[in-house]
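*Asks:* Got a structure for you, questions after.
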Amino acid sequence: MQATVVYFSVSGKNEQLAQAISRELDSRGISVDFVQLVPKRRTGATLGALMAALRRPADLKDYPTLGYEDLLVLVSPVWAGAMTPAVRAFVTNLPSLGGRRVINVVCGFHPHERVVESINKKLKTRGAGPIVSRAVRTSAFEHHDYVTDIAADLCAKALD
């Protein structure tokens with residue numbers, strides 16, 4: 001079985017969660033490709049939040065290509081109560097997911113179920129199969145064991 005973990009992170013917290021999920025998948029014998037979304041231009045906090053609020057995608061340096069993996073994992077922050085421009089660009093340009101399973105995690109100061117639902121909707125229009133999703137408070141990252149528990153829970157729900 002193969003998985004691709006795609007993440008966007010500025011502060012490093014989303015990368016931390018993406019790495020925890022990758023470790024959990026690896027411990028289950030799943031081969032993992034680890035991909036960071038990188039915009040062509042840095043926008044800064046103000047412009048990035050404005051682009052997120054206006055639902056504008058970023059232009060990415062590279063659009064990750066998906067192979068024949070069985071699982072797609074997407075880990076992303078929430079800016080201005082919306083999907084980040086980099087993540088919007090990624091999900092908008094996804095090819096058909098062909099029914100593959102997806103784990104979708106968004107992180108922010110407050111749970112953002114609305115953003116989770118927005119990403120899930122875009123994933124479904126791209127042919128996603130079962131989606132396991134969760135909104136996580138950034139305060140959870142202060143406890144390493146909690147992040148590990150979140151990763152284990154998400155993987156168990158997606159794979160078992």
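In the structure tokens, each chain is lettered A, B, ... as it comes, each chain's residues begin at 1, and ligands are numbered from 1 in order of appearance.
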I'd like the contact shell of Ala82 of chain A - 7 Å cut-off, only C-alpha atoms, skipping same-chain residues fewer than 3 positions apart - returned as a VMD selection string.
*Replies:* chain A and resid 52 to 53 78 to 79 115
*Asks:* Output N, CA and C atoms for every residue in that selection, as a PDB file, in the first residue's frame.
*Replies:*
ATOM      1  N   ALA A  52      -6.743  34.336   1.140  1.00  0.00           N
ATOM      2  CA  ALA A  52      -7.576  33.259   1.685  1.00  0.00           C
ATOM      3  C   ALA A  52      -9.020  33.729   1.832  1.00  0.00           C
ATOM      4  N   ALA A  53      -9.206  34.917   2.397  1.00  0.00           N
ATOM      5  CA  ALA A  53     -10.553  35.450   2.604  1.00  0.00           C
ATOM      6  C   ALA A  53     -11.283  35.668   1.283  1.00  0.00           C
ATOM      7  N   VAL A  78      -5.487  27.051   8.566  1.00  0.00           N
ATOM      8  CA  VAL A  78      -6.642  27.875   8.209  1.00  0.00           C
ATOM      9  C   VAL A  78      -6.192  29.320   8.339  1.00  0.00           C
ATOM     10  N   TRP A  79      -6.438  30.093   7.301  1.00  0.00           N
ATOM     11  CA  TRP A  79      -6.116  31.521   7.333  1.00  0.00           C
ATOM     12  C   TRP A  79      -7.393  32.297   7.110  1.00  0.00           C
ATOM     13  N   VAL A 115     -14.159  24.946   7.100  1.00  0.00           N
ATOM     14  CA  VAL A 115     -13.048  24.781   6.160  1.00  0.00           C
ATOM     15  C   VAL A 115     -12.864  23.300   5.826  1.00  0.00           C
TER      16      VAL A 115
END
*Asks:* Give me the residues near Gly108 of chain A as a ChimeraX atom specification, where near means some atom within 8 Å (using only C-alpha atoms) and where sequence neighbours in that chain fewer than 4 positions away do not count.
*Replies:* /A:77-79,112,135-138
*Asks:* What would the file look like if the residues just selected were written as a PDB file, in the first residue's frame with C-alpha atoms?
*Replies:*
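Here's the written file selection-v4.pdb:
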ATOM      1  CA  PRO A  77      -3.657  25.536   8.233  1.00  0.00           C
ATOM      2  CA  VAL A  78      -6.642  27.875   8.209  1.00  0.00           C
ATOM      3  CA  TRP A  79      -6.116  31.521   7.333  1.00  0.00           C
ATOM      4  CA  HIS A 112     -12.816  25.262  11.585  1.00  0.00           C
ATOM      5  CA  ALA A 135     -10.190  20.155  12.625  1.00  0.00           C
ATOM      6  CA  VAL A 136      -7.400  20.447  15.204  1.00  0.00           C
ATOM      7  CA  ARG A 137      -6.646  23.332  17.541  1.00  0.00           C
ATOM      8  CA  THR A 138      -3.070  24.560  17.293  1.00  0.00           C
TER       9      THR A 138
END
*Asks:* Please, what distance in Å, to one decimal, runs between atom CA of Val147 of chain A and atom CA of Ser76 of chain A?
*Replies:*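 Distance reported for this atom pair: 14.4 Å.
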*Asks:* Report as a list in words all protein, DNA and RNA residues lying within 9 Å of segment 155-160 of chain A, evaluated on only C-alpha atoms, omitting residues in the same chain fewer than 6 positions from it.
*Replies:*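 Once the nearby chain positions are removed, what remains is Ile21, Glu24, Leu25, Leu71, Arg101, Val102, Ile103, Pro130, Ile131 and Val132 of chain A.
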*Asks:* Give me the residues near Gly67 of chain A as a ChimeraX atom specification, where near means some atom within 9 Å (using only C-alpha atoms) and where sequence neighbours in that chain fewer than 2 positions away do not count.
*Replies:* /A:4,65,69
*Asks:* Got time to write the residues from that selection, N, CA and C atoms, as a PDB file, in the first residue's frame?
*Replies:*
ATOM      1  N   THR A   4       0.409   9.279  -0.091  1.00  0.00           N
ATOM      2  CA  THR A   4       1.086  10.552  -0.306  1.00  0.00           C
ATOM      3  C   THR A   4       0.568  11.522   0.745  1.00  0.00           C
ATOM      4  N   THR A  65       2.302  15.534  -8.415  1.00  0.00           N
ATOM      5  CA  THR A  65       1.589  14.564  -9.225  1.00  0.00           C
ATOM      6  C   THR A  65       1.279  13.360  -8.356  1.00  0.00           C
ATOM      7  N   GLU A  69      -1.180   5.743  -5.546  1.00  0.00           N
ATOM      8  CA  GLU A  69      -1.284   5.510  -4.106  1.00  0.00           C
ATOM      9  C   GLU A  69      -2.738   5.236  -3.715  1.00  0.00           C
TER      10      GLU A  69
END
*Asks:* DSSP on the backbone: what in chain A comes out strand (DSSP E or B), as JSON, numbers by chain?
*Replies:* {"A": [2, 3, 4, 5, 6, 7, 31, 32, 33, 34, 35, 36, 39, 60, 71, 72, 73, 74, 75, 76, 77, 78, 79, 82, 83, 101, 102, 103, 104, 105, 106, 107, 108, 131, 132, 133, 134, 135, 136, 137]}
*Asks:* Atoms to include: N, CA and C atoms. Write the selected residues as a compact mmCIF listing (two decimals), in the first residue's frame.
*Replies:*
# COMPACT_ATOMS: atom_id res chain seq x y z
N GLN A 2 0.42 2.29 -0.68
CA GLN A 2 1.16 3.54 -0.76
C GLN A 2 0.29 4.71 -0.34
N ALA A 3 0.94 5.75 0.19
CA ALA A 3 0.24 6.98 0.58
C ALA A 3 1.09 8.17 0.18
N THR A 4 0.41 9.28 -0.09
CA THR A 4 1.09 10.55 -0.31
C THR A 4 0.57 11.52 0.75
N VAL A 5 1.49 12.10 1.49
CA VAL A 5 1.15 13.10 2.51
C VAL A 5 1.54 14.45 1.94
N VAL A 6 0.54 15.31 1.74
CA VAL A 6 0.74 16.65 1.20
C VAL A 6 0.41 17.64 2.31
N TYR A 7 1.29 18.61 2.52
CA TYR A 7 1.04 19.58 3.59
C TYR A 7 1.51 20.97 3.18
N SER A 31 4.13 2.60 2.44
CA SER A 31 5.14 3.44 1.82
C SER A 31 4.58 4.85 1.68
N VAL A 32 5.36 5.86 2.10
CA VAL A 32 4.86 7.24 2.14
C VAL A 32 5.73 8.18 1.31
N ASP A 33 5.07 8.95 0.44
CA ASP A 33 5.71 10.09 -0.22
C ASP A 33 5.30 11.32 0.58
N PHE A 34 6.26 12.20 0.90
CA PHE A 34 6.03 13.36 1.74
C PHE A 34 6.24 14.60 0.89
N VAL A 35 5.20 15.41 0.70
CA VAL A 35 5.25 16.53 -0.23
C VAL A 35 4.81 17.83 0.44
N GLN A 36 5.64 18.87 0.32
CA GLN A 36 5.29 20.18 0.84
C GLN A 36 4.80 21.06 -0.31
N PRO A 39 4.43 27.88 -2.50
CA PRO A 39 4.03 28.91 -3.46
C PRO A 39 5.25 29.48 -4.19
N LEU A 60 1.65 27.71 -7.35
CA LEU A 60 2.62 26.83 -6.69
C LEU A 60 3.86 26.62 -7.57
N LEU A 71 -3.92 6.11 -0.67
CA LEU A 71 -4.36 7.08 0.33
C LEU A 71 -3.69 8.43 0.07
N LEU A 72 -4.50 9.48 0.11
CA LEU A 72 -4.00 10.85 0.04
C LEU A 72 -4.24 11.48 1.39
N VAL A 73 -3.20 12.10 1.97
CA VAL A 73 -3.33 12.82 3.24
C VAL A 73 -3.05 14.29 2.95
N LEU A 74 -3.95 15.16 3.41
CA LEU A 74 -3.79 16.60 3.23
C LEU A 74 -3.83 17.26 4.60
N VAL A 75 -2.75 17.98 4.94
CA VAL A 75 -2.65 18.68 6.23
C VAL A 75 -2.44 20.15 5.93
N SER A 76 -3.33 21.00 6.47
CA SER A 76 -3.24 22.42 6.12
C SER A 76 -3.71 23.32 7.25
N PRO A 77 -3.18 24.55 7.27
CA PRO A 77 -3.66 25.54 8.23
C PRO A 77 -4.93 26.22 7.73
N VAL A 78 -5.49 27.05 8.57
CA VAL A 78 -6.64 27.87 8.21
C VAL A 78 -6.19 29.32 8.34
N TRP A 79 -6.44 30.09 7.30
CA TRP A 79 -6.12 31.52 7.33
C TRP A 79 -7.39 32.30 7.11
N ALA A 82 -10.53 30.52 6.32
CA ALA A 82 -10.69 29.91 5.00
C ALA A 82 -9.50 29.01 4.68
N MET A 83 -9.64 28.31 3.56
CA MET A 83 -8.57 27.48 3.03
C MET A 83 -7.41 28.38 2.61
N ARG A 101 -8.96 6.75 -0.88
CA ARG A 101 -9.25 7.26 0.46
C ARG A 101 -8.44 8.52 0.73
N VAL A 102 -9.00 9.38 1.59
CA VAL A 102 -8.35 10.65 1.90
C VAL A 102 -8.45 10.92 3.40
N ILE A 103 -7.36 11.44 3.94
CA ILE A 103 -7.37 12.02 5.29
C ILE A 103 -7.18 13.52 5.08
N ASN A 104 -8.09 14.32 5.62
CA ASN A 104 -8.05 15.77 5.48
C ASN A 104 -8.03 16.38 6.88
N VAL A 105 -6.95 17.09 7.20
CA VAL A 105 -6.81 17.71 8.52
C VAL A 105 -6.52 19.19 8.35
N VAL A 106 -7.28 20.02 9.03
CA VAL A 106 -6.99 21.46 9.06
C VAL A 106 -6.70 21.86 10.50
N CYS A 107 -5.79 22.83 10.64
CA CYS A 107 -5.36 23.27 11.96
C CYS A 107 -5.53 24.77 12.08
N GLY A 108 -5.98 25.22 13.25
CA GLY A 108 -6.15 26.64 13.48
C GLY A 108 -6.33 26.94 14.96
N ILE A 131 -13.60 9.81 3.08
CA ILE A 131 -12.75 10.87 3.62
C ILE A 131 -12.86 10.88 5.14
N VAL A 132 -11.71 10.80 5.80
CA VAL A 132 -11.63 10.97 7.25
C VAL A 132 -11.10 12.36 7.47
N SER A 133 -11.83 13.19 8.20
CA SER A 133 -11.39 14.57 8.36
C SER A 133 -11.50 15.02 9.81
N ARG A 134 -10.73 16.07 10.09
CA ARG A 134 -10.71 16.59 11.45
C ARG A 134 -10.16 18.01 11.46
N ALA A 135 -10.72 18.82 12.35
CA ALA A 135 -10.19 20.15 12.63
C ALA A 135 -9.46 20.07 13.97
N VAL A 136 -8.24 20.56 14.01
CA VAL A 136 -7.40 20.45 15.20
C VAL A 136 -6.99 21.83 15.67
N ARG A 137 -7.12 22.07 16.96
CA ARG A 137 -6.65 23.33 17.54
C ARG A 137 -5.12 23.35 17.59
*Asks:* Identify all residues of segment 37-129 of chain A in helix (DSSP H, G or I) (DSSP on the backbone) and supply them as an MDAnalysis selection string.
*Replies:* chainID A and resid 44:53 85:92 113:125
*Asks:* Select, from A:Asp153, A:Thr148, A:Arg41, A:Arg100, the residue with the minimum atom-to-atom distance to Ala20 of chain A, counting only C-alpha atoms.
*Replies:* A:Thr148
